[in-house]
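Reproduced below: run_2.cif, with mmCIF, C-alpha atoms.
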```
data_coords
loop_
_atom_site.group_PDB
_atom_site.id
_atom_site.type_symbol
_atom_site.label_atom_id
_atom_site.label_comp_id
_atom_site.auth_asym_id
_atom_site.auth_seq_id
_atom_site.Cartn_x
_atom_site.Cartn_y
_atom_site.Cartn_z
ATOM 1 C CA MET A 10 7.958 13.262 21.347
ATOM 2 C CA ILE A 11 7.206 13.464 17.604
ATOM 3 C CA LYS A 12 7.968 16.911 16.174
ATOM 4 C CA ALA A 13 5.486 17.730 13.404
ATOM 5 C CA VAL A 14 4.653 20.325 10.764
ATOM 6 C CA ILE A 15 1.191 20.633 9.194
ATOM 7 C CA ILE A 16 1.021 21.671 5.526
ATOM 8 C CA GLU A 17 -2.581 22.393 4.513
ATOM 9 C CA ASP A 18 -3.922 25.255 2.401
ATOM 10 C CA GLU A 19 -7.266 25.615 4.215
ATOM 11 C CA GLU A 20 -7.099 27.375 7.589
ATOM 12 C CA LYS A 21 -10.043 25.379 8.914
ATOM 13 C CA GLY A 22 -8.292 22.122 7.990
ATOM 14 C CA ARG A 23 -5.055 23.204 9.679
ATOM 15 C CA GLU A 24 -6.821 24.215 12.873
ATOM 16 C CA LEU A 25 -8.890 21.029 12.978
ATOM 17 C CA LEU A 26 -5.844 18.771 12.647
ATOM 18 C CA PHE A 27 -3.908 20.882 15.183
ATOM 19 C CA ASN A 28 -6.760 20.534 17.702
ATOM 20 C CA LEU A 29 -7.038 16.762 17.143
ATOM 21 C CA LEU A 30 -3.324 16.359 17.759
ATOM 22 C CA ASN A 31 -3.385 18.665 20.777
ATOM 23 C CA ASN A 32 -6.382 16.919 22.380
ATOM 24 C CA TYR A 33 -5.817 13.253 21.498
ATOM 25 C CA CYS A 34 -2.138 12.782 20.652
ATOM 26 C CA PRO A 35 0.077 13.887 23.566
ATOM 27 C CA ASN A 36 3.125 12.313 21.896
ATOM 28 C CA VAL A 37 3.048 14.924 19.095
ATOM 29 C CA LYS A 38 4.250 18.518 19.221
ATOM 30 C CA VAL A 39 3.244 20.729 16.288
ATOM 31 C CA LEU A 40 6.151 23.084 15.575
ATOM 32 C CA ASP A 41 4.600 25.015 12.701
ATOM 33 C CA MET A 42 1.745 25.145 10.194
ATOM 34 C CA ALA A 43 1.979 26.181 6.530
ATOM 35 C CA ASP A 44 -0.543 26.949 3.806
ATOM 36 C CA SER A 45 1.434 26.128 0.642
ATOM 37 C CA VAL A 46 4.337 24.138 -0.745
ATOM 38 C CA LYS A 47 6.591 27.207 -0.560
ATOM 39 C CA THR A 48 5.836 28.024 3.086
ATOM 40 C CA GLY A 49 5.807 24.314 3.929
ATOM 41 C CA LEU A 50 9.338 23.850 2.602
ATOM 42 C CA ALA A 51 10.480 26.866 4.599
ATOM 43 C CA ALA A 52 8.944 25.381 7.757
ATOM 44 C CA ILE A 53 10.577 21.991 7.122
ATOM 45 C CA LYS A 54 14.017 23.530 6.591
ATOM 46 C CA LYS A 55 13.633 25.711 9.683
ATOM 47 C CA HIS A 56 12.333 23.108 12.144
ATOM 48 C CA LYS A 57 13.635 19.804 10.711
ATOM 49 C CA PRO A 58 10.544 17.902 11.931
ATOM 50 C CA ASP A 59 10.204 14.145 12.382
ATOM 51 C CA LEU A 60 6.848 14.167 10.610
ATOM 52 C CA ILE A 61 4.855 16.271 8.177
ATOM 53 C CA PHE A 62 1.120 16.100 7.598
ATOM 54 C CA LEU A 63 0.799 16.913 3.908
ATOM 55 C CA ASP A 64 -2.353 17.893 2.050
ATOM 56 C CA ILE A 65 -2.277 16.590 -1.516
ATOM 57 C CA ILE A 66 -4.244 19.380 -3.217
ATOM 58 C CA MET A 67 -2.933 22.929 -2.671
ATOM 59 C CA PRO A 68 -3.152 26.141 -4.714
ATOM 60 C CA ASP A 69 0.418 26.778 -5.894
ATOM 61 C CA GLU A 70 1.749 23.223 -6.247
ATOM 62 C CA SER A 71 0.479 19.788 -5.257
ATOM 63 C CA GLY A 72 1.759 17.930 -2.224
ATOM 64 C CA PHE A 73 3.304 15.483 -4.680
ATOM 65 C CA GLU A 74 5.618 18.201 -5.971
ATOM 66 C CA LEU A 75 6.767 19.002 -2.437
ATOM 67 C CA LEU A 76 7.949 15.405 -2.118
ATOM 68 C CA ASP A 77 10.534 16.035 -4.832
ATOM 69 C CA HIS A 78 12.172 18.528 -2.484
ATOM 70 C CA ILE A 79 12.160 16.307 0.625
ATOM 71 C CA LYS A 80 12.639 12.772 -0.731
ATOM 72 C CA ASP A 81 16.235 12.694 0.539
ATOM 73 C CA MET A 82 15.444 14.249 3.931
ATOM 74 C CA GLU A 83 14.950 12.241 7.109
ATOM 75 C CA VAL A 84 11.259 12.943 7.601
ATOM 76 C CA GLU A 85 8.106 10.849 7.795
ATOM 77 C CA VAL A 86 5.005 11.773 5.782
ATOM 78 C CA ILE A 87 1.296 11.263 6.424
ATOM 79 C CA PHE A 88 -0.916 12.454 3.578
ATOM 80 C CA THR A 89 -4.223 14.148 4.344
ATOM 81 C CA THR A 90 -6.735 14.131 1.518
ATOM 82 C CA ALA A 91 -10.336 14.093 0.458
ATOM 83 C CA TYR A 92 -11.188 10.927 -1.448
ATOM 84 C CA ASP A 93 -9.069 10.570 -4.580
ATOM 85 C CA GLN A 94 -9.074 6.972 -5.778
ATOM 86 C CA TYR A 95 -5.974 7.127 -7.953
ATOM 87 C CA ALA A 96 -3.872 9.094 -5.453
ATOM 88 C CA ILE A 97 -4.856 6.763 -2.619
ATOM 89 C CA LYS A 98 -3.973 3.698 -4.675
ATOM 90 C CA ALA A 99 -0.525 5.150 -5.430
ATOM 91 C CA ILE A 100 -0.050 5.902 -1.719
ATOM 92 C CA ARG A 101 -1.072 2.401 -0.643
ATOM 93 C CA PHE A 102 1.070 0.764 -3.321
ATOM 94 C CA SER A 103 4.077 2.682 -1.994
ATOM 95 C CA ALA A 104 3.437 1.548 1.613
ATOM 96 C CA LEU A 105 2.889 5.131 2.803
ATOM 97 C CA ASP A 106 0.188 6.362 5.167
ATOM 98 C CA TYR A 107 -2.772 8.653 4.527
ATOM 99 C CA LEU A 108 -5.761 10.067 6.399
ATOM 100 C CA LEU A 109 -9.085 10.747 4.708
ATOM 101 C CA LYS A 110 -10.853 13.991 5.520
ATOM 102 C CA PRO A 111 -12.716 14.455 7.783
ATOM 103 C CA ILE A 112 -9.953 12.905 9.883
ATOM 104 C CA ASP A 113 -10.976 10.180 12.318
ATOM 105 C CA VAL A 114 -9.249 10.258 15.726
ATOM 106 C CA ALA A 115 -8.670 6.487 15.879
ATOM 107 C CA GLU A 116 -7.144 6.450 12.382
ATOM 108 C CA LEU A 117 -4.928 9.406 13.305
ATOM 109 C CA GLN A 118 -3.682 7.639 16.431
ATOM 110 C CA ASN A 119 -3.061 4.425 14.493
ATOM 111 C CA ALA A 120 -1.036 6.284 11.844
ATOM 112 C CA LEU A 121 1.050 7.884 14.578
ATOM 113 C CA LYS A 122 1.805 4.480 16.108
ATOM 114 C CA LYS A 123 3.321 3.463 12.783
ATOM 115 C CA VAL A 124 5.385 6.647 12.700
ATOM 116 C CA GLU A 125 6.686 5.911 16.212
ATOM 117 C CA ALA A 126 7.689 2.408 15.121
ATOM 118 C CA LYS A 127 9.605 3.846 12.177
ATOM 119 C CA LEU A 128 11.304 6.492 14.296
ATOM 120 C CA ASN A 129 12.292 3.806 16.804
ATOM 121 C CA GLY A 130 14.251 2.082 14.084
ATOM 122 C CA LYS A 131 11.910 -0.752 13.112
ATOM 123 C CA ILE A 132 11.917 0.635 9.566
ATOM 124 C CA ASN A 133 15.089 2.442 8.550
ATOM 125 C CA GLN A 134 15.249 5.816 6.852
ATOM 126 C CA GLU A 135 16.583 4.372 3.599
ATOM 127 C CA THR A 136 13.377 2.366 3.314
ATOM 128 C CA MET A 137 11.274 5.468 3.976
ATOM 129 C CA ASN A 138 13.133 7.442 1.314
ATOM 130 C CA GLU A 139 12.645 4.552 -1.109
ATOM 131 C CA SER A 140 8.897 4.612 -0.369
ATOM 132 C CA LEU A 141 8.731 8.290 -1.295
ATOM 133 C CA LYS A 142 10.696 7.736 -4.508
ATOM 134 C CA ILE A 143 8.516 4.774 -5.507
ATOM 135 C CA PHE A 144 5.422 6.831 -4.753
ATOM 136 C CA LEU A 145 6.579 9.604 -7.085
ATOM 137 C CA GLU A 146 7.242 7.003 -9.788
ATOM 138 C CA ASN A 147 3.813 5.442 -9.263
ATOM 139 C CA VAL A 148 2.022 8.783 -9.483
ATOM 140 C CA ASN A 149 3.654 9.500 -12.836
ATOM 141 C CA THR A 150 3.336 6.089 -14.466
ATOM 142 C CA HIS A 151 0.631 3.902 -15.978
ATOM 143 C CA PRO A 152 -1.253 2.029 -13.223
ATOM 144 C CA HIS A 153 -0.198 -1.385 -14.579
ATOM 145 C CA LYS A 154 3.462 -0.404 -14.307
ATOM 146 C CA MET A 155 3.283 0.688 -10.682
ATOM 147 C CA LYS A 156 5.488 -1.017 -8.110
ATOM 148 C CA LEU A 157 3.944 -2.548 -5.017
ATOM 149 C CA GLY A 158 5.464 -1.999 -1.585
ATOM 150 C CA LEU A 159 5.289 -5.193 0.480
ATOM 151 C CA PRO A 160 5.839 -4.622 4.233
ATOM 152 C CA THR A 161 8.054 -7.445 5.478
ATOM 153 C CA GLN A 162 9.689 -8.200 8.809
ATOM 154 C CA ASN A 163 12.856 -6.476 7.582
ATOM 155 C CA GLY A 164 11.304 -3.364 6.034
ATOM 156 C CA ILE A 165 9.533 -2.838 2.716
ATOM 157 C CA LYS A 166 10.222 -4.750 -0.489
ATOM 158 C CA PHE A 167 9.212 -3.126 -3.782
ATOM 159 C CA VAL A 168 8.219 -5.447 -6.600
ATOM 160 C CA ALA A 169 6.734 -5.278 -10.082
ATOM 161 C CA ILE A 170 3.094 -6.408 -9.939
ATOM 162 C CA ASP A 171 3.474 -8.979 -12.703
ATOM 163 C CA SER A 172 6.391 -10.647 -10.915
ATOM 164 C CA ILE A 173 3.902 -12.003 -8.364
ATOM 165 C CA LEU A 174 2.687 -15.530 -9.113
ATOM 166 C CA TYR A 175 0.214 -15.935 -6.259
ATOM 167 C CA CYS A 176 -0.453 -14.987 -2.637
ATOM 168 C CA LYS A 177 -1.403 -17.323 0.187
ATOM 169 C CA ALA A 178 -3.077 -16.357 3.462
ATOM 170 C CA GLU A 179 -1.236 -17.042 6.713
ATOM 171 C CA GLY A 180 -3.498 -15.590 9.408
ATOM 172 C CA ASN A 181 -2.940 -11.829 9.501
ATOM 173 C CA TYR A 182 0.053 -12.264 7.201
ATOM 174 C CA SER A 183 0.432 -13.427 3.609
ATOM 175 C CA LEU A 184 3.019 -15.453 1.721
ATOM 176 C CA ILE A 185 3.971 -13.998 -1.667
ATOM 177 C CA TYR A 186 5.272 -16.377 -4.337
ATOM 178 C CA PHE A 187 7.130 -15.014 -7.366
ATOM 179 C CA LYS A 188 7.396 -16.399 -10.883
ATOM 180 C CA ASP A 189 11.169 -16.066 -11.238
ATOM 181 C CA HIS A 190 12.438 -17.681 -8.033
ATOM 182 C CA LYS A 191 11.471 -20.346 -5.536
ATOM 183 C CA GLU A 192 11.712 -18.247 -2.391
ATOM 184 C CA GLN A 193 8.656 -16.550 -0.938
ATOM 185 C CA ASP A 194 8.219 -13.464 1.230
ATOM 186 C CA ILE A 195 6.116 -13.119 4.366
ATOM 187 C CA VAL A 196 4.329 -9.755 4.302
ATOM 188 C CA THR A 197 2.321 -7.950 6.954
ATOM 189 C CA ARG A 198 -0.780 -7.551 4.810
ATOM 190 C CA THR A 199 -3.846 -9.764 4.932
ATOM 191 C CA LEU A 200 -4.998 -11.553 1.791
ATOM 192 C CA LYS A 201 -8.077 -9.313 1.791
ATOM 193 C CA GLU A 202 -5.868 -6.195 1.664
ATOM 194 C CA LEU A 203 -3.841 -7.660 -1.198
ATOM 195 C CA GLU A 204 -7.045 -8.589 -3.024
ATOM 196 C CA GLU A 205 -8.295 -4.989 -2.756
ATOM 197 C CA LEU A 206 -5.039 -3.703 -4.231
ATOM 198 C CA LEU A 207 -4.519 -6.283 -6.962
ATOM 199 C CA THR A 208 -7.936 -7.309 -8.342
ATOM 200 C CA GLU A 209 -7.849 -4.735 -11.135
ATOM 201 C CA PHE A 210 -4.423 -6.051 -12.189
ATOM 202 C CA ASN A 211 -5.850 -9.424 -13.236
ATOM 203 C CA PHE A 212 -5.570 -11.123 -9.865
ATOM 204 C CA CYS A 213 -8.405 -13.366 -8.737
ATOM 205 C CA ARG A 214 -9.380 -14.858 -5.367
ATOM 206 C CA LEU A 215 -10.112 -18.503 -6.186
ATOM 207 C CA HIS A 216 -10.087 -19.874 -2.664
ATOM 208 C CA ARG A 217 -10.283 -18.515 0.875
ATOM 209 C CA THR A 218 -6.513 -18.819 1.202
ATOM 210 C CA TYR A 219 -5.282 -18.087 -2.342
ATOM 211 C CA LEU A 220 -5.113 -15.032 -4.604
ATOM 212 C CA ILE A 221 -3.552 -15.770 -7.996
ATOM 213 C CA ASN A 222 -2.194 -13.812 -10.943
ATOM 214 C CA LEU A 223 -4.308 -14.957 -13.899
ATOM 215 C CA ASN A 224 -1.496 -13.986 -16.280
ATOM 216 C CA HIS A 225 0.514 -16.939 -14.996
ATOM 217 C CA ILE A 226 -2.024 -19.771 -15.197
ATOM 218 C CA LYS A 227 -0.931 -22.755 -17.261
ATOM 219 C CA GLU A 228 -4.003 -24.967 -16.930
ATOM 220 C CA TYR A 229 -7.368 -25.327 -15.172
ATOM 221 C CA ARG A 230 -8.570 -28.782 -14.120
ATOM 222 C CA ARG A 231 -12.226 -29.301 -13.312
ATOM 223 C CA ILE A 232 -11.428 -32.174 -10.961
ATOM 224 C CA ASN A 233 -8.915 -31.865 -8.174
ATOM 225 C CA HIS A 234 -7.144 -35.215 -7.888
ATOM 226 C CA SER A 235 -4.691 -34.007 -5.258
ATOM 227 C CA SER A 236 -5.252 -34.903 -1.614
ATOM 228 C CA ASP A 237 -2.771 -32.199 -0.645
ATOM 229 C CA ILE A 238 -5.013 -29.272 -1.503
ATOM 230 C CA ASP A 239 -8.645 -28.689 -0.570
ATOM 231 C CA GLY A 240 -10.572 -27.487 -3.612
ATOM 232 C CA ASP A 241 -13.989 -28.896 -4.586
ATOM 233 C CA GLY A 242 -14.124 -26.592 -7.635
ATOM 234 C CA GLY A 243 -11.047 -28.126 -9.222
ATOM 235 C CA CYS A 244 -7.592 -26.591 -9.315
ATOM 236 C CA VAL A 245 -5.352 -24.431 -11.463
ATOM 237 C CA ILE A 246 -1.786 -25.231 -12.453
ATOM 238 C CA MET A 247 0.517 -22.223 -12.442
ATOM 239 C CA VAL A 248 3.486 -21.785 -14.783
ATOM 240 C CA ASN A 249 5.830 -23.107 -12.088
ATOM 241 C CA GLU A 250 3.652 -26.255 -11.785
ATOM 242 C CA SER A 251 2.172 -25.183 -8.425
ATOM 243 C CA LYS A 252 -1.360 -26.505 -7.893
ATOM 244 C CA ILE A 253 -3.812 -23.963 -6.474
ATOM 245 C CA PRO A 254 -7.266 -25.087 -5.263
ATOM 246 C CA VAL A 255 -10.468 -23.554 -6.592
ATOM 247 C CA SER A 256 -13.459 -23.444 -4.279
ATOM 248 C CA ARG A 257 -16.825 -24.460 -5.723
ATOM 249 C CA ASP A 258 -18.331 -20.972 -5.482
ATOM 250 C CA LYS A 259 -15.313 -19.427 -7.231
ATOM 251 C CA ARG A 260 -15.283 -21.795 -10.216
ATOM 252 C CA LYS A 261 -17.856 -19.716 -12.107
ATOM 253 C CA VAL A 262 -15.862 -16.576 -11.385
ATOM 254 C CA LEU A 263 -12.734 -18.195 -12.808
ATOM 255 C CA LEU A 264 -14.443 -19.500 -15.933
ATOM 256 C CA ALA A 265 -16.038 -16.099 -16.508
ATOM 257 C CA ARG A 266 -12.609 -14.467 -16.330
ATOM 258 C CA PHE A 267 -11.270 -17.028 -18.839
ATOM 259 C CA SER A 268 -13.970 -15.981 -21.287
ATOM 260 C CA LYS A 269 -12.522 -12.436 -21.392
ATOM 261 C CA PRO A 270 -9.196 -11.498 -22.986
ATOM 262 C CA PHE A 271 -6.381 -10.989 -20.489
#
```
In structure tokens, what does this structure look like?
Amino acid sequence: MIKAVIIEDEEKGRELLFNLLNNYCPNVKVLDMADSVKTGLAAIKKHKPDLIFLDIIMPDESGFELLDHIKDMEVEVIFTTAYDQYAIKAIRFSALDYLLKPIDVAELQNALKKVEAKLNGKINQETMNESLKIFLENVNTHPHKMKLGLPTQNGIKFVAIDSILYCKAEGNYSLIYFKDHKEQDIVTRTLKELEELLTEFNFCRLHRTYLINLNHIKEYRRINHSSDIDGDGGCVIMVNESKIPVSRDKRKVLLARFSKPF
């Protein structure tokens, strides 16, 4: 049984989430509900829950500020928020979970499955605490200096965005290649998910299986002479001499990006 506390300033929002949990999530027991950071902290200290549902925008302090008080505690966090593009990006970059209001039952149940996996030891508490700390750093830093949380088979690896050379699709997983070492990481994100996160950081999808960091291109060749890679739009040579195929329909996209300053 997951012991939970709801921290939400609007009474209607608290009651709605409580009813969703009560009706559709029998593995969750709500121990308390709070309407502010102050009362939320009191509830957390009193009940020592496994999980808190935390609204980002509240009257006295933001949910972000509450995290400063709990970042060393053994507690999972699911954010609840109306659409806030920057906040959501910081959450996703830090490999944390969030629910958009109005909360969807299926998304709530899926988020709780992840919490159960963490509580069962598949992701250790040190990793969770690191996620919270990275999130707080990301919220307070320039977007291009944010760290990206990469879910791996061993936990979550946090990396600087510009350290990534390119990403390669492997079914529902992705291989991440870095500019400073030859090893690669297998992460439990699809290439599409990585593309959504990284496009604004000068990453470009040049092929159905490749997403590259344009900052680390050495050369573009209009003709692909290699039989090892399938790219009828040519290929790019990365700074580590890796050859990445370019599909025909993506060649114009690449050349258009080259025409703009990086």
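Residue nearest Thr197 of chain A, chosen from A:Ile165, A:Lys55, A:Cys213, A:Ile173 and counting only C-alpha atoms: A:Ile165.
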Mind telling me what the PyMOL selection byres ((chain A and resi 97) around 12) catches here, as a PyMOL selection string? chain A and resi 65+87-96+98-109+144+147-148+206
What does the structure give for the distance between atom CA of Tyr219 of chain A and atom CA of Lys123 of chain A, in Å to one decimal? 27.7 Å
Taking 4 positions as the minimum chain separation for residues in the same chain, which residues sit within 8 Å of segment 12-23 of chain A when counting all atoms listed in the file? Answer as a CSV table (one decimal) with C-alpha atoms, in the coordinates of the input.
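result.csv, written as the output of this step:
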```csv
chain,number,residue,atom,x,y,z
A,27,PHE,CA,-3.9,20.9,15.2
A,37,VAL,CA,3.0,14.9,19.1
A,38,LYS,CA,4.2,18.5,19.2
A,39,VAL,CA,3.2,20.7,16.3
A,40,LEU,CA,6.2,23.1,15.6
A,41,ASP,CA,4.6,25.0,12.7
A,42,MET,CA,1.7,25.1,10.2
A,43,ALA,CA,2.0,26.2,6.5
A,44,ASP,CA,-0.5,26.9,3.8
A,45,SER,CA,1.4,26.1,0.6
A,46,VAL,CA,4.3,24.1,-0.7
A,49,GLY,CA,5.8,24.3,3.9
A,52,ALA,CA,8.9,25.4,7.8
A,53,ILE,CA,10.6,22.0,7.1
A,58,PRO,CA,10.5,17.9,11.9
A,59,ASP,CA,10.2,14.1,12.4
A,60,LEU,CA,6.8,14.2,10.6
A,61,ILE,CA,4.9,16.3,8.2
A,62,PHE,CA,1.1,16.1,7.6
A,63,LEU,CA,0.8,16.9,3.9
A,64,ASP,CA,-2.4,17.9,2.0
A,67,MET,CA,-2.9,22.9,-2.7
A,68,PRO,CA,-3.2,26.1,-4.7
```
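Nearest residue to Asp113 of chain A, choosing from A:Ile79, A:Leu26, A:Asp189, A:Leu264 and counting only C-alpha atoms: A:Leu26.
Proximity to Lys80 of chain A at 8 Å, evaluated using only C-alpha atoms and with sequence-adjacent residues fewer than 2 positions away removed, yields Leu76, Asp77, His78, Met82, Asn138, Leu141 and Lys142 of chain A.
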Output C-alpha atoms for every residue in the selection just made, as a PDB file, in the frame of the given file.
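That gives us again22.pdb:
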```
ATOM      1  CA  LEU A  76       7.949  15.405  -2.118  1.00  0.00           C
ATOM      2  CA  ASP A  77      10.534  16.035  -4.832  1.00  0.00           C
ATOM      3  CA  HIS A  78      12.172  18.528  -2.484  1.00  0.00           C
ATOM      4  CA  MET A  82      15.444  14.249   3.931  1.00  0.00           C
ATOM      5  CA  ASN A 138      13.133   7.442   1.314  1.00  0.00           C
ATOM      6  CA  LEU A 141       8.731   8.290  -1.295  1.00  0.00           C
ATOM      7  CA  LYS A 142      10.696   7.736  -4.508  1.00  0.00           C
TER       8      LYS A 142
END
```
Could you give me, as a PyMOL selection string, the residues that sit within 12 Å of (1.9, -17.0, -8.7) in the file's coordinates, counting all atoms listed in the file? chain A and resi 170-177+184-193+211-214+219-227+245-253
Which residues, written as a VMD selection string, have at least one atom at most 10 Å from Tyr33 of chain A, with all atoms listed in the file counted and residues fewer than 2 positions away on the same chain left out? chain A and resid 28 to 31 35 to 37 114 to 115 117 to 118
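Taking atom CA of Val168 of chain A and atom CA of Lys156 of chain A as endpoints, the distance between them is 5.4 Å.
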How big is the axis-aligned box around all listed atoms of segment 150-155 of chain A once 3 Å goes on each side, and where's its centre, in Å to one decimal, as lines of an AutoDock Vina configuration file?
```
center_x = 1.1
center_y = 2.4
center_z = -13.3
size_x = 10.7
size_y = 13.5
size_z = 11.3
```
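Across the model, the gap from atom CA of Leu159 of chain A to atom CA of Cys244 of chain A is 26.8 Å.
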Mind telling me what the PyMOL selection byres ((chain A and resi 230) around 10) catches here, as a PyMOL selection string? chain A and resi 228-229+231-234+242-246+252+254-255
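Using all atoms listed in the file, the contacts of Val124 of chain A at a cut-off of 9 Å, with sequence neighbours closer than 2 positions omitted, comprise Ile11, Asp59, Leu60, Glu85, Val86, Ile87, Asn119, Ala120, Leu121, Lys122, Ala126, Lys127, Leu128 and Asn129 of chain A.
Nearest residue to Lys166 of chain A, choosing from A:Ser183, A:Lys154, A:Lys110, A:Ser140 and counting all atoms listed in the file: A:Ser140.
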Can you translate the PyMOL selection byres ((chain A and resi 181) around 10) into the concrete residues it hits in this file, as a short mmCIF file (atom, residue, chain, number, x, y, z; two decimals) with C-alpha atoms, in the frame of the given file?
```
data_model
loop_
_atom_site.label_atom_id
_atom_site.label_comp_id
_atom_site.auth_asym_id
_atom_site.auth_seq_id
_atom_site.Cartn_x
_atom_site.Cartn_y
_atom_site.Cartn_z
CA ALA A 178 -3.08 -16.36 3.46
CA GLU A 179 -1.24 -17.04 6.71
CA GLY A 180 -3.50 -15.59 9.41
CA TYR A 182 0.05 -12.26 7.20
CA SER A 183 0.43 -13.43 3.61
CA VAL A 196 4.33 -9.76 4.30
CA THR A 197 2.32 -7.95 6.95
CA ARG A 198 -0.78 -7.55 4.81
CA THR A 199 -3.85 -9.76 4.93
CA LEU A 200 -5.00 -11.55 1.79
CA LYS A 201 -8.08 -9.31 1.79
#
```
